>>> print(open('final_19.txt').read())   # compact mmCIF, N, CA and C atoms and all ligand atoms
# COMPACT_ATOMS: atom_id res chain seq x y z
N MET E 1 101.05 144.31 74.34
CA MET E 1 100.41 144.83 73.13
C MET E 1 99.38 143.82 72.65
N VAL E 2 98.30 144.33 72.08
CA VAL E 2 97.27 143.45 71.50
C VAL E 2 96.85 144.03 70.15
N MET E 3 96.12 143.24 69.39
CA MET E 3 95.64 143.75 68.11
C MET E 3 94.20 143.30 67.88
N VAL E 4 93.38 144.22 67.38
CA VAL E 4 92.03 143.85 66.96
C VAL E 4 91.85 144.29 65.51
N GLY E 5 90.99 143.57 64.80
CA GLY E 5 90.71 143.92 63.41
C GLY E 5 89.24 144.28 63.28
N ILE E 6 88.95 145.47 62.78
CA ILE E 6 87.55 145.92 62.67
C ILE E 6 87.27 146.39 61.24
N VAL E 7 86.18 145.85 60.68
CA VAL E 7 85.77 146.25 59.33
C VAL E 7 85.27 147.70 59.41
N PRO E 8 85.72 148.56 58.51
CA PRO E 8 85.34 149.98 58.59
C PRO E 8 83.83 150.24 58.56
N SER E 9 83.04 149.33 58.00
CA SER E 9 81.59 149.55 57.97
C SER E 9 80.93 149.32 59.34
N ARG E 10 81.65 148.73 60.29
CA ARG E 10 81.07 148.53 61.63
C ARG E 10 80.89 149.88 62.33
N PHE E 11 79.85 149.97 63.11
CA PHE E 11 79.60 151.19 63.89
C PHE E 11 80.75 151.42 64.88
N SER E 12 81.28 150.33 65.43
CA SER E 12 82.38 150.43 66.42
C SER E 12 83.63 151.07 65.82
N HIS E 13 83.78 150.95 64.50
CA HIS E 13 85.01 151.40 63.86
C HIS E 13 85.28 152.88 64.10
N HIS E 14 84.27 153.72 63.88
CA HIS E 14 84.52 155.16 64.02
C HIS E 14 84.80 155.54 65.48
N MET E 15 84.25 154.76 66.41
CA MET E 15 84.49 155.07 67.83
C MET E 15 85.96 154.85 68.18
N VAL E 16 86.50 153.75 67.69
CA VAL E 16 87.91 153.46 67.96
C VAL E 16 88.78 154.51 67.26
N LYS E 17 88.41 154.88 66.05
CA LYS E 17 89.16 155.91 65.31
C LYS E 17 89.16 157.23 66.06
N GLU E 18 87.96 157.63 66.53
CA GLU E 18 87.83 158.95 67.14
C GLU E 18 88.43 159.03 68.54
N THR E 19 88.27 157.96 69.32
CA THR E 19 88.77 158.00 70.70
C THR E 19 90.22 157.54 70.80
N GLY E 20 90.67 156.75 69.81
CA GLY E 20 92.02 156.19 69.88
C GLY E 20 92.14 155.20 71.03
N ALA E 21 91.04 154.52 71.32
CA ALA E 21 91.04 153.59 72.46
C ALA E 21 90.02 152.48 72.25
N PHE E 22 90.26 151.38 72.95
CA PHE E 22 89.26 150.30 72.99
C PHE E 22 89.50 149.46 74.24
N VAL E 23 88.47 148.70 74.60
CA VAL E 23 88.58 147.77 75.73
C VAL E 23 88.24 146.38 75.21
N ILE E 24 89.07 145.40 75.55
CA ILE E 24 88.76 144.00 75.23
C ILE E 24 88.17 143.38 76.49
N ASN E 25 86.93 142.89 76.37
CA ASN E 25 86.27 142.23 77.49
C ASN E 25 86.24 140.73 77.23
N LEU E 26 86.71 139.92 78.15
CA LEU E 26 86.68 138.46 77.97
C LEU E 26 85.43 137.91 78.66
N PRO E 27 84.50 137.34 77.87
CA PRO E 27 83.24 136.87 78.44
C PRO E 27 83.30 135.42 78.96
N LYS E 28 82.47 135.15 79.95
CA LYS E 28 82.31 133.77 80.43
C LYS E 28 81.28 133.07 79.54
N LYS E 29 81.23 131.73 79.68
CA LYS E 29 80.27 130.97 78.85
C LYS E 29 78.83 131.39 79.14
N SER E 30 78.58 131.80 80.36
CA SER E 30 77.22 132.20 80.75
C SER E 30 76.79 133.50 80.05
N PHE E 31 77.71 134.14 79.34
CA PHE E 31 77.45 135.41 78.65
C PHE E 31 77.05 135.17 77.19
N GLN E 32 76.84 133.90 76.83
CA GLN E 32 76.62 133.52 75.43
C GLN E 32 75.49 134.31 74.75
N LYS E 33 74.38 134.44 75.42
CA LYS E 33 73.22 135.12 74.83
C LYS E 33 73.58 136.57 74.47
N GLU E 34 74.21 137.26 75.43
CA GLU E 34 74.61 138.66 75.22
C GLU E 34 75.66 138.76 74.10
N TYR E 35 76.60 137.81 74.13
CA TYR E 35 77.69 137.76 73.14
C TYR E 35 77.10 137.65 71.73
N ASN E 36 76.14 136.74 71.57
CA ASN E 36 75.53 136.55 70.25
C ASN E 36 74.83 137.82 69.78
N TYR E 37 74.13 138.45 70.69
CA TYR E 37 73.40 139.68 70.35
C TYR E 37 74.38 140.78 69.95
N LEU E 38 75.40 140.99 70.77
CA LEU E 38 76.37 142.07 70.51
C LEU E 38 77.12 141.83 69.20
N GLY E 39 77.34 140.56 68.86
CA GLY E 39 78.11 140.22 67.67
C GLY E 39 77.28 140.14 66.40
N SER E 40 75.97 140.32 66.52
CA SER E 40 75.14 140.17 65.32
C SER E 40 74.24 141.37 65.06
N ARG E 41 74.19 142.31 65.97
CA ARG E 41 73.40 143.54 65.76
C ARG E 41 74.36 144.72 65.74
N SER E 42 73.97 145.79 65.06
CA SER E 42 74.84 146.97 65.03
C SER E 42 74.34 148.05 65.97
N GLY E 43 75.27 148.72 66.62
CA GLY E 43 74.95 149.86 67.47
C GLY E 43 74.38 151.03 66.68
N ARG E 44 74.54 150.95 65.37
CA ARG E 44 73.98 152.00 64.51
C ARG E 44 72.46 152.02 64.61
N ASN E 45 71.87 150.87 64.87
CA ASN E 45 70.40 150.76 64.90
C ASN E 45 69.82 150.82 66.30
N GLY E 46 70.62 151.20 67.27
CA GLY E 46 70.08 151.32 68.63
C GLY E 46 71.14 150.94 69.66
N ASP E 47 70.90 151.34 70.88
CA ASP E 47 71.84 151.12 71.98
C ASP E 47 71.78 149.65 72.43
N LYS E 48 72.81 148.88 72.08
CA LYS E 48 72.80 147.44 72.39
C LYS E 48 72.89 147.19 73.89
N PHE E 49 73.66 148.01 74.57
CA PHE E 49 73.79 147.83 76.03
C PHE E 49 72.42 148.01 76.70
N ALA E 50 71.70 149.04 76.25
CA ALA E 50 70.38 149.31 76.84
C ALA E 50 69.41 148.17 76.51
N ALA E 51 69.47 147.68 75.27
CA ALA E 51 68.56 146.61 74.84
C ALA E 51 68.74 145.36 75.70
N LEU E 52 69.98 145.11 76.14
CA LEU E 52 70.27 143.91 76.95
C LEU E 52 70.28 144.21 78.45
N ASP E 53 70.10 145.49 78.77
CA ASP E 53 70.18 145.91 80.16
C ASP E 53 71.55 145.55 80.76
N LEU E 54 72.59 145.75 79.95
CA LEU E 54 73.95 145.38 80.37
C LEU E 54 74.52 146.39 81.35
N LYS E 55 75.26 145.88 82.33
CA LYS E 55 75.95 146.79 83.26
C LYS E 55 77.29 147.18 82.63
N TRP E 56 77.60 148.48 82.69
CA TRP E 56 78.89 148.92 82.17
C TRP E 56 79.39 150.10 82.99
N GLU E 57 80.67 150.36 82.88
CA GLU E 57 81.27 151.50 83.58
C GLU E 57 82.35 152.10 82.68
N ASP E 58 82.72 153.35 82.98
CA ASP E 58 83.80 153.97 82.21
C ASP E 58 85.11 153.30 82.58
N ALA E 59 85.96 153.10 81.57
CA ALA E 59 87.31 152.60 81.85
C ALA E 59 88.07 153.64 82.66
N GLU E 60 89.13 153.19 83.31
CA GLU E 60 89.89 154.09 84.19
C GLU E 60 90.87 154.98 83.42
N TYR E 61 91.50 154.42 82.39
CA TYR E 61 92.59 155.13 81.71
C TYR E 61 92.26 155.55 80.29
N VAL E 62 91.25 154.94 79.68
CA VAL E 62 90.94 155.27 78.28
C VAL E 62 89.45 155.62 78.17
N ASN E 63 89.13 156.25 77.04
CA ASN E 63 87.76 156.70 76.82
C ASN E 63 86.95 155.60 76.12
N ALA E 64 86.52 154.62 76.91
CA ALA E 64 85.74 153.50 76.36
C ALA E 64 85.03 152.81 77.53
N PRO E 65 83.94 152.11 77.24
CA PRO E 65 83.24 151.43 78.33
C PRO E 65 83.81 150.04 78.64
N ILE E 66 83.60 149.62 79.89
CA ILE E 66 83.97 148.27 80.33
C ILE E 66 82.67 147.52 80.63
N LEU E 67 82.58 146.28 80.18
CA LEU E 67 81.40 145.47 80.52
C LEU E 67 81.60 144.87 81.92
N SER E 68 80.78 145.29 82.86
CA SER E 68 80.98 144.93 84.27
C SER E 68 80.88 143.44 84.52
N ASP E 69 80.11 142.72 83.70
CA ASP E 69 79.90 141.29 83.96
C ASP E 69 80.96 140.39 83.32
N CYS E 70 81.96 140.98 82.69
CA CYS E 70 83.06 140.18 82.14
C CYS E 70 84.18 140.12 83.18
N PRO E 71 84.75 138.93 83.43
CA PRO E 71 85.74 138.78 84.51
C PRO E 71 87.08 139.45 84.22
N VAL E 72 87.39 139.65 82.94
CA VAL E 72 88.65 140.31 82.57
C VAL E 72 88.35 141.40 81.55
N SER E 73 88.91 142.57 81.78
CA SER E 73 88.79 143.68 80.81
C SER E 73 90.16 144.31 80.63
N ILE E 74 90.51 144.55 79.38
CA ILE E 74 91.85 145.05 79.05
C ILE E 74 91.72 146.41 78.37
N GLU E 75 92.20 147.44 79.04
CA GLU E 75 92.11 148.80 78.49
C GLU E 75 93.29 149.05 77.56
N CYS E 76 93.00 149.59 76.37
CA CYS E 76 94.05 149.77 75.37
C CYS E 76 93.99 151.14 74.71
N THR E 77 95.17 151.68 74.43
CA THR E 77 95.31 152.90 73.63
C THR E 77 95.86 152.50 72.27
N VAL E 78 95.21 153.01 71.21
CA VAL E 78 95.68 152.69 69.86
C VAL E 78 97.00 153.42 69.61
N ILE E 79 98.01 152.66 69.21
CA ILE E 79 99.28 153.34 68.90
C ILE E 79 99.61 153.27 67.41
N GLU E 80 98.91 152.42 66.70
CA GLU E 80 99.15 152.30 65.26
C GLU E 80 97.97 151.60 64.61
N SER E 81 97.70 151.91 63.37
CA SER E 81 96.67 151.15 62.65
C SER E 81 97.01 151.10 61.17
N SER E 82 96.55 150.04 60.52
CA SER E 82 96.71 149.97 59.06
C SER E 82 95.63 149.06 58.51
N GLN E 83 95.35 149.24 57.22
CA GLN E 83 94.29 148.41 56.62
C GLN E 83 94.82 147.69 55.39
N PRO E 84 95.42 146.52 55.61
CA PRO E 84 95.98 145.78 54.48
C PRO E 84 94.91 145.02 53.69
N GLY E 85 93.71 144.89 54.26
CA GLY E 85 92.65 144.12 53.59
C GLY E 85 91.29 144.58 54.07
N THR E 86 90.41 143.61 54.31
CA THR E 86 89.02 143.96 54.68
C THR E 86 88.92 144.67 56.03
N HIS E 87 89.79 144.30 56.99
CA HIS E 87 89.72 144.84 58.35
C HIS E 87 90.81 145.89 58.58
N GLU E 88 90.48 146.95 59.32
CA GLU E 88 91.54 147.84 59.79
C GLU E 88 92.11 147.21 61.06
N LEU E 89 93.42 147.08 61.11
CA LEU E 89 94.08 146.44 62.26
C LEU E 89 94.56 147.52 63.21
N PHE E 90 94.06 147.47 64.44
CA PHE E 90 94.45 148.45 65.45
C PHE E 90 95.38 147.78 66.45
N ILE E 91 96.58 148.32 66.56
CA ILE E 91 97.51 147.81 67.56
C ILE E 91 97.31 148.63 68.83
N GLY E 92 97.05 147.95 69.92
CA GLY E 92 96.78 148.64 71.19
C GLY E 92 97.86 148.39 72.22
N LYS E 93 98.21 149.47 72.92
CA LYS E 93 99.10 149.34 74.08
C LYS E 93 98.21 149.09 75.28
N VAL E 94 98.50 148.05 76.03
CA VAL E 94 97.69 147.72 77.20
C VAL E 94 97.99 148.72 78.32
N GLU E 95 96.96 149.46 78.73
CA GLU E 95 97.11 150.46 79.79
C GLU E 95 96.76 149.87 81.16
N ALA E 96 95.83 148.93 81.17
CA ALA E 96 95.41 148.31 82.44
C ALA E 96 94.69 147.01 82.16
N VAL E 97 94.81 146.07 83.09
CA VAL E 97 94.06 144.81 83.00
C VAL E 97 93.27 144.68 84.30
N HIS E 98 91.95 144.58 84.17
CA HIS E 98 91.09 144.42 85.35
C HIS E 98 90.65 142.96 85.43
N VAL E 99 90.79 142.38 86.61
CA VAL E 99 90.37 140.98 86.81
C VAL E 99 89.53 140.93 88.08
N ASP E 100 88.38 140.27 88.00
CA ASP E 100 87.54 140.12 89.20
C ASP E 100 88.36 139.43 90.29
N GLU E 101 88.25 139.96 91.50
CA GLU E 101 89.03 139.50 92.65
C GLU E 101 88.96 137.98 92.86
N GLU E 102 87.79 137.42 92.61
CA GLU E 102 87.61 135.98 92.86
C GLU E 102 88.47 135.10 91.94
N TYR E 103 89.03 135.72 90.89
CA TYR E 103 89.87 134.96 89.96
C TYR E 103 91.35 135.27 90.10
N LEU E 104 91.72 135.81 91.26
CA LEU E 104 93.13 136.08 91.56
C LEU E 104 93.54 135.27 92.78
N ASP E 105 94.77 134.71 92.75
CA ASP E 105 95.24 134.05 93.97
C ASP E 105 95.94 135.08 94.85
N GLU E 106 96.47 134.62 95.98
CA GLU E 106 97.04 135.56 96.96
C GLU E 106 98.27 136.31 96.43
N LYS E 107 98.89 135.75 95.36
CA LYS E 107 100.06 136.43 94.77
C LYS E 107 99.68 137.33 93.59
N GLY E 108 98.39 137.36 93.29
CA GLY E 108 97.94 138.19 92.17
C GLY E 108 97.98 137.48 90.83
N ASN E 109 98.23 136.17 90.85
CA ASN E 109 98.18 135.40 89.59
C ASN E 109 96.73 135.21 89.16
N ILE E 110 96.52 135.25 87.85
CA ILE E 110 95.16 135.08 87.33
C ILE E 110 94.82 133.59 87.24
N LEU E 111 93.67 133.21 87.80
CA LEU E 111 93.24 131.81 87.80
C LEU E 111 92.35 131.55 86.57
N TRP E 112 93.00 131.45 85.42
CA TRP E 112 92.26 131.34 84.16
C TRP E 112 91.29 130.16 84.14
N ASN E 113 91.72 129.02 84.70
CA ASN E 113 90.89 127.82 84.63
C ASN E 113 89.60 127.94 85.42
N LYS E 114 89.60 128.81 86.41
CA LYS E 114 88.43 128.97 87.27
C LYS E 114 87.32 129.78 86.57
N MET E 115 87.69 130.49 85.50
CA MET E 115 86.79 131.49 84.93
C MET E 115 85.70 130.94 84.02
N ASP E 116 85.93 129.78 83.43
CA ASP E 116 84.98 129.24 82.46
C ASP E 116 84.73 130.23 81.32
N LEU E 117 85.83 130.68 80.73
CA LEU E 117 85.70 131.65 79.64
C LEU E 117 85.13 131.00 78.39
N MET E 118 84.51 131.81 77.56
CA MET E 118 83.95 131.33 76.31
C MET E 118 85.04 130.83 75.37
C1 LIG E 201 82.12 135.52 66.97
C2 LIG E 201 82.13 136.84 66.22
C3 LIG E 201 83.35 137.46 65.95
C4 LIG E 201 83.39 138.67 65.25
N1 LIG E 201 84.60 139.27 65.01
C5 LIG E 201 84.65 140.44 64.36
C6 LIG E 201 85.91 141.08 64.13
O1 LIG E 201 86.97 140.59 64.52
N2 LIG E 201 85.91 142.27 63.46
C7 LIG E 201 84.76 142.85 63.00
O2 LIG E 201 84.83 143.94 62.40
N3 LIG E 201 83.55 142.26 63.20
C8 LIG E 201 83.48 141.08 63.87
N4 LIG E 201 82.27 140.46 64.08
C9 LIG E 201 81.06 141.07 63.54
C10 LIG E 201 80.53 142.21 64.40
O3 LIG E 201 80.54 141.84 65.77
C11 LIG E 201 79.11 142.57 63.97
O4 LIG E 201 79.14 143.02 62.63
C12 LIG E 201 78.46 143.61 64.85
O5 LIG E 201 77.11 143.71 64.49
C13 LIG E 201 79.12 144.97 64.72
O6 LIG E 201 78.48 145.87 65.59
P1 LIG E 201 78.68 147.45 65.44
O7 LIG E 201 78.16 147.84 64.07
O8 LIG E 201 77.85 148.04 66.54
O9 LIG E 201 80.13 147.74 65.58
C14 LIG E 201 82.19 139.26 64.80
C15 LIG E 201 80.96 138.64 65.08
C16 LIG E 201 80.93 137.43 65.78
C17 LIG E 201 79.59 136.79 66.07
>>> encode(input="final_19.txt", output="structure tokens")
Amino acid sequence: MVMVGIVPSRFSHHMVKETGAFVINLPKKSFQKEYNYLGSRSGRNGDKFAALDLKWEDAEYVNAPILSDCPVSIECTVIESSQPGTHELFIGKVEAVHVDEEYLDEKGNILWNKMDLM
């Protein structure tokens, strides 16, 4: 299980509400420029993925996009939410975890240290 907190005024908020799903993408340090842009502009004012020419694909189990250039992506279904303060807290059930092959050892363990995550 994971949890994310989203302020209702964010454009992303209604998407999570309507689809009942979200994907957590873990970015590498080399993704800093894209990360800053995505975290400071709103999708309400234009397609951020298109503006950055970002590669994305549909998630396998939930109705949300996956950022192809992130080494780990976690697909989640919202099972509960509440808003005790500024952010609505969405509790997600993890449906799938995608990890780039180069970051897995022969037993399927994730090589976190190799990833250079942000
Ligand atoms: C490092 C960082 C962390 C952020 N964390 C959150 C967060 O946890 N919840 C949230 O609602 N906004 C968070 N924000 C702000 C949103 O990313 C920002 O308002 C963004 O423009 C929202 O885009 P949207 O309107 O397309 O959803 C964060 C921004 C940065 C730079």
>>> residues_near_ligand(input="final_19.txt", ligand="ligand LIG 201 (chain E)", cutoff="7 Å", atoms="only N, CA and C atoms and all ligand atoms", output="ChimeraX atom specification")
/E:4-13,35-45,87
>>> residues_around(input="final_19.txt", residues="Val23 (chain E)", least_positions_apart="3", cutoff="7 Å", atoms="only N, CA and C atoms", output="VMD selection string")
chain E and resid 64 to 66 73 to 76
>>> axis_aligned_box(input="final_19.txt", around="region 55-66 of chain E", padding_each_side="4 Å", output="AutoDock Vina command-line options")
--center_x 83.9 --center_y 151.3 --center_z 80.2 --size_x 25.3 --size_y 18.8 --size_z 16.1
>>> select_by_dssp(input="final_19.txt", residues="chain E", states="strand (DSSP E or B)", output="VMD selection string")
chain E and resid 2 to 6 21 to 26 28 56 to 58 65 to 67 72 to 82 88 to 99 104 110 117
>>> closest_residue(input="final_19.txt", among="E:Leu54, E:Lys93, E:Gly46, E:Ser81", to="Ile24 (chain E)", atoms="only C-alpha atoms")
E:Lys93
>>> atom_distance(input="final_19.txt", atom1="CA of Pro27 (chain E)", atom2="atom C of Met3 (chain E)")
16.5 Å
>>> atom_distance(input="final_19.txt", atom1="atom C of Glu18 (chain E)", atom2="CA of Val99 (chain E)")
25.8 Å
>>> closest_residue(input="final_19.txt", among="E:Cys70, E:Met115, E:Val2, E:Val78", to="Thr19 (chain E)", atoms="all atoms listed in the file")
E:Val78
>>> atom_distance(input="final_19.txt", atom1="atom C of Tyr103 (chain E)", atom2="CA of Val72 (chain E)")
9.5 Å
>>> closest_residue(input="final_19.txt", among="E:Val62, E:Val97, E:Met15, E:Ala21", to="Ile79 (chain E)", atoms="only C-alpha atoms")
E:Ala21
>>> decode(input="final_19.txt", residues="region 28-103 of chain E", atoms="C-alpha atoms", output="compact mmCIF listing (two decimals), in the first residue's frame")
# COMPACT_ATOMS: atom_id res chain seq x y z
CA LYS E 28 16.59 9.36 -11.85
CA LYS E 29 18.78 12.40 -11.14
CA SER E 30 19.15 12.92 -14.88
CA PHE E 31 15.38 13.64 -14.97
CA GLN E 32 15.81 16.82 -12.90
CA LYS E 33 14.84 19.27 -15.65
CA GLU E 34 11.63 17.38 -16.47
CA TYR E 35 10.88 16.90 -12.75
CA ASN E 36 11.12 20.65 -12.10
CA TYR E 37 8.86 21.44 -15.03
CA LEU E 38 6.22 18.84 -14.10
CA GLY E 39 6.25 20.00 -10.48
CA SER E 40 5.88 23.69 -11.20
CA ARG E 41 3.48 23.94 -14.17
CA SER E 42 -0.14 22.82 -14.27
CA GLY E 43 -1.63 20.48 -16.84
CA ARG E 44 -4.60 22.82 -16.80
CA ASN E 45 -2.61 25.23 -18.97
CA GLY E 46 -1.41 22.72 -21.54
CA ASP E 47 -0.14 19.20 -22.10
CA LYS E 48 3.07 18.95 -20.03
CA PHE E 49 4.11 15.64 -21.55
CA ALA E 50 3.87 17.13 -25.06
CA ALA E 51 5.74 20.29 -24.01
CA LEU E 52 8.67 18.14 -22.80
CA ASP E 53 8.33 15.56 -25.55
CA LEU E 54 8.11 12.94 -22.80
CA LYS E 55 7.73 9.27 -23.65
CA TRP E 56 4.78 7.62 -21.92
CA GLU E 57 2.64 4.50 -22.20
CA ASP E 58 -0.64 3.27 -20.76
CA ALA E 59 -0.32 1.38 -17.49
CA GLU E 60 -1.14 -2.31 -17.66
CA TYR E 61 -3.68 -2.62 -14.84
CA VAL E 62 -4.95 0.90 -14.14
CA ASN E 63 -6.19 3.84 -16.17
CA ALA E 64 -3.18 6.15 -15.91
CA PRO E 65 0.01 6.86 -17.84
CA ILE E 66 3.50 5.56 -17.05
CA LEU E 67 6.57 7.71 -17.72
CA SER E 68 8.76 5.46 -19.88
CA ASP E 69 12.03 7.11 -18.84
CA CYS E 70 11.57 6.43 -15.12
CA PRO E 71 13.27 3.20 -13.96
CA VAL E 72 10.49 2.28 -11.52
CA SER E 73 6.74 2.78 -11.92
CA ILE E 74 4.15 1.66 -9.41
CA GLU E 75 0.56 1.17 -10.57
CA CYS E 76 -2.05 1.85 -7.89
CA THR E 77 -5.81 1.63 -7.42
CA VAL E 78 -7.34 4.06 -4.95
CA ILE E 79 -9.06 2.14 -2.18
CA GLU E 80 -9.72 4.99 0.23
CA SER E 81 -9.33 8.75 0.47
CA SER E 82 -9.87 11.47 3.04
CA GLN E 83 -9.07 15.13 3.41
CA PRO E 84 -8.04 15.98 6.95
CA GLY E 85 -6.30 19.20 5.87
CA THR E 86 -4.93 20.95 2.79
CA HIS E 87 -4.25 17.73 0.83
CA GLU E 88 -6.62 14.90 -0.04
CA LEU E 89 -4.85 11.69 0.97
CA PHE E 90 -5.30 8.81 -1.46
CA ILE E 91 -4.44 5.34 -0.22
CA GLY E 92 -3.44 3.14 -3.14
CA LYS E 93 -3.27 -0.61 -3.44
CA VAL E 94 -0.21 -1.54 -5.47
CA GLU E 95 -1.36 -3.49 -8.54
CA ALA E 96 2.03 -3.77 -10.27
CA VAL E 97 5.62 -2.59 -9.98
CA HIS E 98 7.60 -2.13 -13.19
CA VAL E 99 11.39 -2.02 -12.99
CA ASP E 100 13.77 -1.60 -15.93
CA GLU E 101 15.51 -4.93 -16.55
CA GLU E 102 18.98 -3.44 -16.10
CA TYR E 103 18.15 -2.75 -12.45
